[in-house]
$ cat start.pdb   # PDB, C-alpha atoms and all ligand atoms
ATOM      1  CA  MET D  26     101.805  60.054 131.279
ATOM      2  CA  LYS D  27     100.902  56.761 129.696
ATOM      3  CA  LEU D  28      97.265  56.328 128.747
ATOM      4  CA  THR D  29      96.740  52.809 129.990
ATOM      5  CA  GLY D  30      97.677  50.654 132.951
ATOM      6  CA  ASN D  31      97.462  53.423 135.572
ATOM      7  CA  THR D  32      95.535  53.615 138.812
ATOM      8  CA  ILE D  33      93.962  57.065 138.777
ATOM      9  CA  LEU D  34      92.092  59.091 141.399
ATOM     10  CA  ILE D  35      89.944  61.882 139.930
ATOM     11  CA  THR D  36      88.528  64.562 142.221
ATOM     12  CA  GLY D  37      85.265  66.111 141.060
ATOM     13  CA  GLY D  38      84.541  62.909 139.202
ATOM     14  CA  THR D  39      80.761  63.085 139.662
ATOM     15  CA  SER D  40      80.046  65.272 136.615
ATOM     16  CA  GLY D  41      81.385  67.216 133.657
ATOM     17  CA  ILE D  42      85.067  67.052 132.759
ATOM     18  CA  GLY D  43      86.007  64.834 135.732
ATOM     19  CA  LEU D  44      83.365  62.228 134.928
ATOM     20  CA  GLY D  45      84.185  62.459 131.221
ATOM     21  CA  LEU D  46      87.871  61.837 131.887
ATOM     22  CA  ALA D  47      86.974  58.994 134.246
ATOM     23  CA  LEU D  48      84.908  57.193 131.609
ATOM     24  CA  ARG D  49      87.478  57.691 128.846
ATOM     25  CA  LEU D  50      90.382  56.570 131.033
ATOM     26  CA  HIS D  51      88.415  53.584 132.330
ATOM     27  CA  GLU D  52      87.650  52.524 128.742
ATOM     28  CA  ALA D  53      91.334  52.960 127.858
ATOM     29  CA  GLY D  54      92.356  50.318 130.397
ATOM     30  CA  ASN D  55      93.081  52.194 133.606
ATOM     31  CA  LYS D  56      91.796  51.551 137.114
ATOM     32  CA  VAL D  57      89.777  54.681 137.880
ATOM     33  CA  ILE D  58      88.494  55.917 141.221
ATOM     34  CA  VAL D  59      86.175  58.925 141.209
ATOM     35  CA  ALA D  60      85.606  61.175 144.209
ATOM     36  CA  GLY D  61      83.187  63.982 144.963
ATOM     37  CA  ARG D  62      80.582  65.106 147.469
ATOM     38  CA  ARG D  63      77.395  63.816 145.776
ATOM     39  CA  LYS D  64      77.075  60.240 147.031
ATOM     40  CA  GLU D  65      73.997  59.504 144.883
ATOM     41  CA  LEU D  66      75.957  60.311 141.720
ATOM     42  CA  LEU D  67      78.935  58.232 142.867
ATOM     43  CA  ASP D  68      76.564  55.280 143.433
ATOM     44  CA  GLU D  69      75.053  55.736 139.969
ATOM     45  CA  ILE D  70      78.487  55.859 138.332
ATOM     46  CA  THR D  71      79.746  52.679 140.002
ATOM     47  CA  ALA D  72      76.477  50.866 139.210
ATOM     48  CA  GLU D  73      76.553  51.890 135.542
ATOM     49  CA  HIS D  74      80.282  51.343 135.017
ATOM     50  CA  PRO D  75      81.524  48.183 136.710
ATOM     51  CA  GLY D  76      85.224  48.498 137.469
ATOM     52  CA  ILE D  77      85.082  52.192 138.356
ATOM     53  CA  ASP D  78      85.317  52.711 142.121
ATOM     54  CA  ALA D  79      84.187  55.758 144.058
ATOM     55  CA  PHE D  80      84.217  57.405 147.444
ATOM     56  CA  VAL D  81      82.909  60.595 148.993
ATOM     57  CA  LEU D  82      85.452  63.392 149.208
ATOM     58  CA  ASP D  83      85.048  67.065 150.035
ATOM     59  CA  VAL D  84      88.267  68.834 149.078
ATOM     60  CA  SER D  85      87.296  71.840 151.206
ATOM     61  CA  ASP D  86      87.563  69.642 154.324
ATOM     62  CA  PRO D  87      91.079  68.637 155.480
ATOM     63  CA  ALA D  88      89.651  65.712 157.492
ATOM     64  CA  SER D  89      87.906  64.377 154.385
ATOM     65  CA  ILE D  90      91.181  64.621 152.447
ATOM     66  CA  ALA D  91      93.077  62.809 155.227
ATOM     67  CA  ARG D  92      90.455  60.002 155.222
ATOM     68  CA  ALA D  93      90.743  59.752 151.425
ATOM     69  CA  ALA D  94      94.527  59.448 151.601
ATOM     70  CA  ASP D  95      94.284  56.705 154.249
ATOM     71  CA  ARG D  96      91.710  54.866 152.199
ATOM     72  CA  VAL D  97      93.773  55.046 149.025
ATOM     73  CA  ALA D  98      96.945  53.967 150.858
ATOM     74  CA  SER D  99      95.223  50.835 152.142
ATOM     75  CA  SER D 100      92.849  49.974 149.252
ATOM     76  CA  TYR D 101      94.779  51.258 146.218
ATOM     77  CA  PRO D 102      98.479  51.207 147.127
ATOM     78  CA  GLU D 103      99.259  51.072 143.395
ATOM     79  CA  LEU D 104      97.799  54.587 142.831
ATOM     80  CA  ASN D 105     100.124  56.427 140.445
ATOM     81  CA  VAL D 106      98.009  59.299 139.058
ATOM     82  CA  LEU D 107      96.101  62.055 140.854
ATOM     83  CA  VAL D 108      93.794  64.288 138.814
ATOM     84  CA  ASN D 109      92.970  67.481 140.722
ATOM     85  CA  ASN D 110      89.831  68.437 138.866
ATOM     86  CA  ALA D 111      87.310  69.436 141.566
ATOM     87  CA  GLY D 112      86.298  73.053 141.273
ATOM     88  CA  ILE D 113      83.567  75.636 141.486
ATOM     89  CA  MET D 114      82.901  78.696 139.308
ATOM     90  CA  LEU D 115      80.412  81.342 140.308
ATOM     91  CA  ARG D 116      79.851  84.961 139.415
ATOM     92  CA  GLU D 117      80.844  87.679 141.856
ATOM     93  CA  ASN D 118      80.006  91.333 142.114
ATOM     94  CA  LEU D 119      82.990  92.946 143.771
ATOM     95  CA  LEU D 120      80.824  95.897 144.868
ATOM     96  CA  ASP D 121      78.416  93.608 146.756
ATOM     97  CA  PRO D 122      79.613  92.374 150.167
ATOM     98  CA  ALA D 123      77.381  89.309 149.704
ATOM     99  CA  SER D 124      79.908  88.083 147.121
ATOM    100  CA  LEU D 125      82.715  87.771 149.666
ATOM    101  CA  PRO D 126      81.716  84.273 150.870
ATOM    102  CA  VAL D 127      81.590  83.216 147.207
ATOM    103  CA  ALA D 128      85.130  84.484 146.731
ATOM    104  CA  GLU D 129      86.286  82.685 149.882
ATOM    105  CA  ASP D 130      84.680  79.409 148.749
ATOM    106  CA  HIS D 131      86.657  79.545 145.498
ATOM    107  CA  VAL D 132      89.912  79.859 147.389
ATOM    108  CA  THR D 133      88.952  77.012 149.734
ATOM    109  CA  VAL D 134      87.809  74.556 147.057
ATOM    110  CA  ASN D 135      89.815  75.388 143.952
ATOM    111  CA  LEU D 136      93.101  76.512 145.423
ATOM    112  CA  LEU D 137      93.443  75.209 148.984
ATOM    113  CA  GLY D 138      91.654  71.999 148.001
ATOM    114  CA  THR D 139      94.198  71.281 145.290
ATOM    115  CA  ILE D 140      97.145  72.252 147.471
ATOM    116  CA  ARG D 141      95.927  70.048 150.342
ATOM    117  CA  MET D 142      95.289  67.134 147.976
ATOM    118  CA  THR D 143      98.793  67.517 146.593
ATOM    119  CA  TYR D 144     100.421  67.445 150.031
ATOM    120  CA  ALA D 145      98.265  64.480 151.098
ATOM    121  CA  PHE D 146      98.829  62.354 147.989
ATOM    122  CA  LEU D 147     102.401  63.095 146.886
ATOM    123  CA  PRO D 148     103.828  60.609 149.416
ATOM    124  CA  LEU D 149     101.653  57.932 147.783
ATOM    125  CA  LEU D 150     102.780  58.832 144.265
ATOM    126  CA  THR D 151     106.519  59.292 144.569
ATOM    127  CA  GLY D 152     108.470  56.301 143.386
ATOM    128  CA  LYS D 153     105.544  54.792 141.485
ATOM    129  CA  ASP D 154     106.033  53.805 137.874
ATOM    130  CA  GLY D 155     104.539  56.442 135.540
ATOM    131  CA  ALA D 156     103.480  58.703 138.411
ATOM    132  CA  ALA D 157     101.702  61.935 137.520
ATOM    133  CA  VAL D 158      99.702  64.783 138.984
ATOM    134  CA  MET D 159      97.251  66.365 136.559
ATOM    135  CA  ASN D 160      95.908  69.760 137.610
ATOM    136  CA  VAL D 161      92.842  71.087 135.809
ATOM    137  CA  THR D 162      93.228  74.865 135.711
ATOM    138  CA  SER D 163      91.592  76.991 133.003
ATOM    139  CA  ALA D 164      92.429  79.184 130.035
ATOM    140  CA  LEU D 165      91.124  81.905 132.364
ATOM    141  CA  ALA D 166      94.310  81.470 134.397
ATOM    142  CA  PHE D 167      95.978  83.420 131.594
ATOM    143  CA  VAL D 168      93.421  86.172 130.836
ATOM    144  CA  PRO D 169      90.588  86.726 133.345
ATOM    145  CA  LEU D 170      86.840  86.605 132.732
ATOM    146  CA  PRO D 171      85.880  89.668 134.792
ATOM    147  CA  ILE D 172      82.489  88.324 135.981
ATOM    148  CA  THR D 173      84.305  85.526 137.914
ATOM    149  CA  PRO D 174      87.275  87.335 139.491
ATOM    150  CA  THR D 175      88.233  84.976 142.295
ATOM    151  CA  TYR D 176      87.696  81.916 140.098
ATOM    152  CA  ASN D 177      90.242  83.284 137.601
ATOM    153  CA  ALA D 178      92.606  84.180 140.433
ATOM    154  CA  THR D 179      92.503  80.649 141.869
ATOM    155  CA  LYS D 180      93.261  79.187 138.443
ATOM    156  CA  ALA D 181      96.153  81.610 137.856
ATOM    157  CA  ALA D 182      97.480  80.584 141.277
ATOM    158  CA  LEU D 183      97.109  76.906 140.391
ATOM    159  CA  HIS D 184      99.066  77.472 137.198
ATOM    160  CA  SER D 185     101.871  79.010 139.231
ATOM    161  CA  PHE D 186     101.651  76.260 141.875
ATOM    162  CA  SER D 187     101.860  73.590 139.163
ATOM    163  CA  GLU D 188     104.990  75.199 137.732
ATOM    164  CA  SER D 189     106.768  75.154 141.100
ATOM    165  CA  LEU D 190     105.534  71.654 141.847
ATOM    166  CA  ARG D 191     107.010  70.397 138.567
ATOM    167  CA  VAL D 192     110.398  71.950 139.319
ATOM    168  CA  GLN D 193     110.551  70.759 142.948
ATOM    169  CA  LEU D 194     109.606  67.202 141.961
ATOM    170  CA  ALA D 195     112.201  67.184 139.178
ATOM    171  CA  GLN D 196     114.904  68.568 141.476
ATOM    172  CA  ALA D 197     114.086  65.885 144.050
ATOM    173  CA  ASP D 198     114.141  63.194 141.358
ATOM    174  CA  ALA D 199     110.686  62.177 142.598
ATOM    175  CA  GLY D 200     109.664  60.727 139.245
ATOM    176  CA  VAL D 201     106.273  62.450 139.260
ATOM    177  CA  GLN D 202     105.175  64.256 136.104
ATOM    178  CA  VAL D 203     103.068  67.408 136.498
ATOM    179  CA  ILE D 204     100.532  68.046 133.754
ATOM    180  CA  GLU D 205      98.364  71.144 133.634
ATOM    181  CA  VAL D 206      95.106  70.986 131.685
ATOM    182  CA  ALA D 207      93.822  74.466 130.799
ATOM    183  CA  PRO D 208      90.379  74.044 129.217
ATOM    184  CA  PRO D 209      88.432  76.685 127.292
ATOM    185  CA  GLY D 210      84.696  77.050 128.009
ATOM    186  CA  VAL D 211      83.333  73.491 127.918
ATOM    187  CA  ARG D 212      79.652  72.489 127.929
ATOM    188  CA  THR D 213      79.211  71.332 131.531
ATOM    189  CA  THR D 214      76.856  72.579 134.239
ATOM    190  CA  MET D 215      79.648  74.875 135.432
ATOM    191  CA  LEU D 216      78.377  78.452 135.045
ATOM    192  CA  ASP D 217      75.281  76.975 133.287
ATOM    193  CA  GLN D 218      77.275  76.331 130.113
ATOM    194  CA  GLU D 219      75.664  72.976 129.315
ATOM    195  CA  ASP D 220      73.818  74.286 126.248
ATOM    196  CA  ASN D 221      76.061  77.232 125.463
ATOM    197  CA  GLU D 222      76.935  77.181 121.773
ATOM    198  CA  ASP D 223      80.022  79.296 122.496
ATOM    199  CA  SER D 224      81.447  76.575 124.718
ATOM    200  CA  MET D 225      83.173  73.446 123.450
ATOM    201  CA  PRO D 226      81.173  70.174 123.441
ATOM    202  CA  LEU D 227      82.475  67.996 126.282
ATOM    203  CA  ASP D 228      83.175  64.972 124.058
ATOM    204  CA  ASP D 229      85.215  67.065 121.606
ATOM    205  CA  PHE D 230      87.197  68.543 124.490
ATOM    206  CA  LEU D 231      87.961  65.115 125.948
ATOM    207  CA  THR D 232      88.977  63.656 122.575
ATOM    208  CA  GLU D 233      91.318  66.533 121.722
ATOM    209  CA  THR D 234      92.842  66.645 125.213
ATOM    210  CA  LEU D 235      93.574  62.910 125.312
ATOM    211  CA  ASP D 236      94.902  63.037 121.730
ATOM    212  CA  LEU D 237      97.338  65.759 122.835
ATOM    213  CA  LEU D 238      98.495  63.547 125.694
ATOM    214  CA  ARG D 239      98.824  60.544 123.367
ATOM    215  CA  GLU D 240     100.983  62.622 120.975
ATOM    216  CA  ARG D 241     103.104  64.091 123.794
ATOM    217  CA  PRO D 242     103.121  61.791 126.837
ATOM    218  CA  ASP D 243     105.666  64.100 128.501
ATOM    219  CA  ALA D 244     103.485  67.221 128.044
ATOM    220  CA  LYS D 245     103.590  69.941 130.692
ATOM    221  CA  GLU D 246     100.374  71.544 129.491
ATOM    222  CA  LEU D 247      97.379  70.235 127.583
ATOM    223  CA  VAL D 248      95.708  73.154 125.814
ATOM    224  CA  VAL D 249      93.164  72.436 123.073
ATOM    225  CA  GLU D 250      93.159  74.619 119.957
ATOM    226  CA  ARG D 251      90.082  76.517 121.138
ATOM    227  CA  ALA D 252      91.874  77.703 124.301
ATOM    228  CA  ARG D 253      95.107  78.747 122.588
ATOM    229  CA  PHE D 254      94.054  82.342 121.841
ATOM    230  CA  VAL D 255      93.609  82.916 125.576
ATOM    231  CA  ARG D 256      96.615  80.855 126.698
ATOM    232  CA  ASP D 257      98.925  82.604 124.241
ATOM    233  CA  ALA D 258      97.470  86.126 124.491
ATOM    234  CA  GLU D 259     100.164  87.619 126.693
ATOM    235  CA  ALA D 260     103.003  86.059 124.695
ATOM    236  CA  ASN D 261     101.667  87.173 121.318
ATOM    237  CA  GLY D 262     100.651  90.684 122.321
ATOM    238  CA  SER D 263      96.880  90.218 122.112
ATOM    239  CA  TYR D 264      96.226  90.316 125.889
ATOM    240  CA  ASP D 265      94.269  93.624 125.857
ATOM    241  CA  THR D 266      92.145  92.510 122.913
ATOM    242  CA  VAL D 267      91.308  89.171 124.540
ATOM    243  CA  LEU D 268      90.570  90.858 127.896
ATOM    244  CA  ALA D 269      88.221  93.281 126.123
ATOM    245  CA  GLN D 270      86.506  90.313 124.471
ATOM    246  CA  LEU D 271      86.099  88.466 127.789
ATOM    247  CA  SER D 272      84.902  91.680 129.458
ATOM    248  CA  GLY D 273      81.842  91.635 127.203
ATOM    249  CA  ILE D 274      80.725  88.191 128.414
ATOM    250  CA  GLY D 275      77.860  88.304 130.908
ATOM    251  CA  ALA D 276      78.436  91.975 131.696
TER
HETATM  252  N1  LIG M   1      83.463  73.775 132.016
HETATM  253  C1  LIG M   1      84.317  74.721 131.734
HETATM  254  O1  LIG M   1      84.043  75.615 130.922
HETATM  255  C2  LIG M   1      85.679  74.736 132.360
HETATM  256  C3  LIG M   1      86.663  75.534 131.776
HETATM  257  C4  LIG M   1      87.931  75.567 132.354
HETATM  258  C5  LIG M   1      88.206  74.820 133.473
HETATM  259  N2  LIG M   1      87.222  74.037 134.014
HETATM  260  C6  LIG M   1      87.564  73.295 135.222
HETATM  261  O2  LIG M   1      87.232  71.939 135.061
HETATM  262  C7  LIG M   1      86.985  71.360 136.350
HETATM  263  C8  LIG M   1      85.695  70.563 136.273
HETATM  264  O3  LIG M   1      84.615  71.444 136.027
HETATM  265  P1  LIG M   1      83.349  71.041 135.132
HETATM  266  O4  LIG M   1      83.238  72.031 134.047
HETATM  267  O5  LIG M   1      83.398  69.607 134.824
HETATM  268  O6  LIG M   1      82.142  71.386 136.128
HETATM  269  P2  LIG M   1      81.196  70.455 137.010
HETATM  270  O7  LIG M   1      80.456  69.499 136.169
HETATM  271  O8  LIG M   1      80.446  71.402 137.879
HETATM  272  O9  LIG M   1      82.219  69.623 137.886
HETATM  273  C9  LIG M   1      82.785  70.104 139.052
HETATM  274  C10 LIG M   1      83.166  68.910 139.890
HETATM  275  O10 LIG M   1      83.829  69.402 141.060
HETATM  276  C11 LIG M   1      83.303  68.715 142.165
HETATM  277  N3  LIG M   1      83.422  69.515 143.372
HETATM  278  C12 LIG M   1      82.993  70.785 143.607
HETATM  279  N4  LIG M   1      83.265  71.137 144.861
HETATM  280  C13 LIG M   1      83.880  70.075 145.446
HETATM  281  C14 LIG M   1      84.388  69.809 146.739
HETATM  282  N5  LIG M   1      84.311  70.725 147.723
HETATM  283  N6  LIG M   1      84.952  68.605 146.980
HETATM  284  C15 LIG M   1      85.028  67.668 146.009
HETATM  285  N7  LIG M   1      84.546  67.847 144.762
HETATM  286  C16 LIG M   1      83.980  69.042 144.500
HETATM  287  C17 LIG M   1      81.847  68.421 141.816
HETATM  288  O11 LIG M   1      81.425  67.255 142.503
HETATM  289  P3  LIG M   1      80.437  67.250 143.771
HETATM  290  O12 LIG M   1      79.470  68.385 143.576
HETATM  291  O13 LIG M   1      79.811  65.898 143.714
HETATM  292  O14 LIG M   1      81.337  67.438 144.945
HETATM  293  C18 LIG M   1      81.952  68.106 140.338
HETATM  294  O15 LIG M   1      82.220  66.743 140.134
HETATM  295  C19 LIG M   1      86.944  72.528 137.336
HETATM  296  O16 LIG M   1      88.164  72.600 138.033
HETATM  297  C20 LIG M   1      86.770  73.733 136.436
HETATM  298  O17 LIG M   1      87.283  74.898 137.005
HETATM  299  C21 LIG M   1      85.973  73.976 133.494
END

$ encode --input "start.pdb" --output "structure tokens"
Amino acid sequence: MKLTGNTILITGGTSGIGLGLALRLHEAGNKVIVAGRRKELLDEITAEHPGIDAFVLDVSDPASIARAADRVASSYPELNVLVNNAGIMLRENLLDPASLPVAEDHVTVNLLGTIRMTYAFLPLLTGKDGAAVMNVTSALAFVPLPITPTYNATKAALHSFSESLRVQLAQADAGVQVIEVAPPGVRTTMLDQEDNEDSMPLDDFLTETLDLLRERPDAKELVVERARFVRDAEANGSYDTVLAQLSGIGA
């Protein structure tokens, strides 16, 4: 993916990693459109950053996704990059039935939301110069954090989905690159990590991630150094050690 001259839609662009990417990519010379549910934040972002556009989108609602696709097709026909970043991450206690709706919400937002966005937007991306889908998964796709079981499961599923998507698009000669971003813990409001010293500062994460993309524009995965011990655990034989480490967090 080139780092300038794109028209990029970012889901979950109202805060954290999505907003951070939006600001960096806007500064780098891309047309950026952010989408999320919190209208007041979208209004603030467009007021503070002229040139960034925004609209309300709830990825858990198929009708909202269909409206977004129609809107993009008519207002931004040049769209060539979709960043599937919207997500939620909440603790679950698998012995407490009250956690079931939490689990179901993760599947609806993180997994089904991304799948529905992909189906809705691929027809708009295929054939565009420099087209790309960027899926924000997590290092936890590769070794789970046991306090957030369904979250990890949705991210592992998104990793798998991204792999198949990449192959199908290549086989169809669709000209759409698939890039998976698998962040480590990053200081956002997700899971109240904003001030967590064990999580990576957001600015550092954004800089390293975009540097990786600059170095390897054809990258399949963008994994910052801090996430590598989790990403590579299974391959290098340290899976049980890393799982034991993650099992101690928040237990
Ligand atoms: N922070 C981390 O440690 C970390 C690590 C690995 C992966 N990630 C991934 O990075 C992505 C961004 O998370 P973040 O850390 O930046 O947290 P965040 O600040 O809470 O951002 C989450 C974003 O998702 C949006 N969102 C949630 N539900 C949505 C829905 N139904 N429809 C549309 N948008 C929705 C939120 O916007 P609205 O509330 O306005 O809808 C918000 O903009 C997530 O996919 C997360 O899993 C984060």

$ residues_around --input "start.pdb" --residues "Ala199 in chain D" --least-positions-apart "4" --cutoff "9 Å" --atoms "all atoms listed in the file" --output "JSON, numbers by chain"
{"D": [150, 151, 152, 193, 194, 195]}

$ residues_around --input "start.pdb" --residues "Val158 in chain D" --least-positions-apart "4" --cutoff "10 Å" --atoms "all atoms listed in the file" --output "list in words"
Met26, Ile33, Leu34, Asn105, Val106, Leu107, Val108, Asn109, Thr143, Phe146, Leu147, Leu150, Ser187, Leu190, Arg191, Val201, Gln202, Val203, Ile204 and Glu205 of chain D

$ closest_residue --input "start.pdb" --among "D:Pro209, D:Pro226, D:Pro75, D:Gly138" --to "Pro169 in chain D" --atoms "all atoms listed in the file"
D:Pro209

$ residues_near_ligand --input "start.pdb" --ligand "ligand LIG 1 (chain M)" --cutoff "6 Å" --atoms "only C-alpha atoms and all ligand atoms" --output "number ranges by chain"
D: 36-43, 61-63, 82-85, 110-113, 134, 161-163, 208-215

$ atom_distance --input "start.pdb" --atom1 "CA of Ala123 in chain D" --atom2 "CA of Thr139 in chain D"
25.0 Å

$ atom_distance --input "start.pdb" --atom1 "CA of Lys56 in chain D" --atom2 "CA of Ser100 in chain D"
12.3 Å

$ residues_near_point --input "start.pdb" --point "(99.3, 74.6, 130.5)" --cutoff "12 Å" --atoms "all atoms listed in the file" --output "JSON, numbers by chain"
{"D": [159, 160, 161, 162, 163, 164, 165, 166, 167, 180, 181, 183, 184, 185, 186, 187, 188, 191, 203, 204, 205, 206, 207, 208, 209, 234, 237, 244, 245, 246, 247, 248, 249, 252, 253, 255, 256, 257]}

$ closest_residue --input "start.pdb" --among "D:Asp68, D:Ala145, D:Asp229, D:Glu73" --to "Arg92 in chain D" --atoms "only C-alpha atoms"
D:Ala145

$ closest_residue --input "start.pdb" --among "D:Met142, D:Leu104, D:Ala72, D:Leu48" --to "Ala88 in chain D" --atoms "all atoms listed in the file"
D:Met142

$ atom_distance --input "start.pdb" --atom1 "CA of Asp265 in chain D" --atom2 "CA of Asn177 in chain D"
16.2 Å

$ closest_residue --input "start.pdb" --among "D:Asp154, D:Asp243, D:Asp223, D:Glu103" --to "Ile274 in chain D" --atoms "all atoms listed in the file"
D:Asp223

$ closest_residue --input "start.pdb" --among "D:Leu115, D:Leu28, D:Ile58, D:Ala156" --to "Asp217 in chain D" --atoms "only C-alpha atoms"
D:Leu115

$ residues_around --input "start.pdb" --residues "Asp228 in chain D" --least-positions-apart "4" --cutoff "9 Å" --atoms "all atoms listed in the file" --output "PyMOL selection string"
chain D and resi 45+232-233

$ write_last_selection --input "start.pdb" --atoms "C-alpha atoms" --output "short mmCIF file (atom, residue, chain, number, x, y, z; two decimals), keeping the file's coordinate frame"
data_model
loop_
_atom_site.label_atom_id
_atom_site.label_comp_id
_atom_site.auth_asym_id
_atom_site.auth_seq_id
_atom_site.Cartn_x
_atom_site.Cartn_y
_atom_site.Cartn_z
CA GLY D 45 84.18 62.46 131.22
CA THR D 232 88.98 63.66 122.58
CA GLU D 233 91.32 66.53 121.72
#
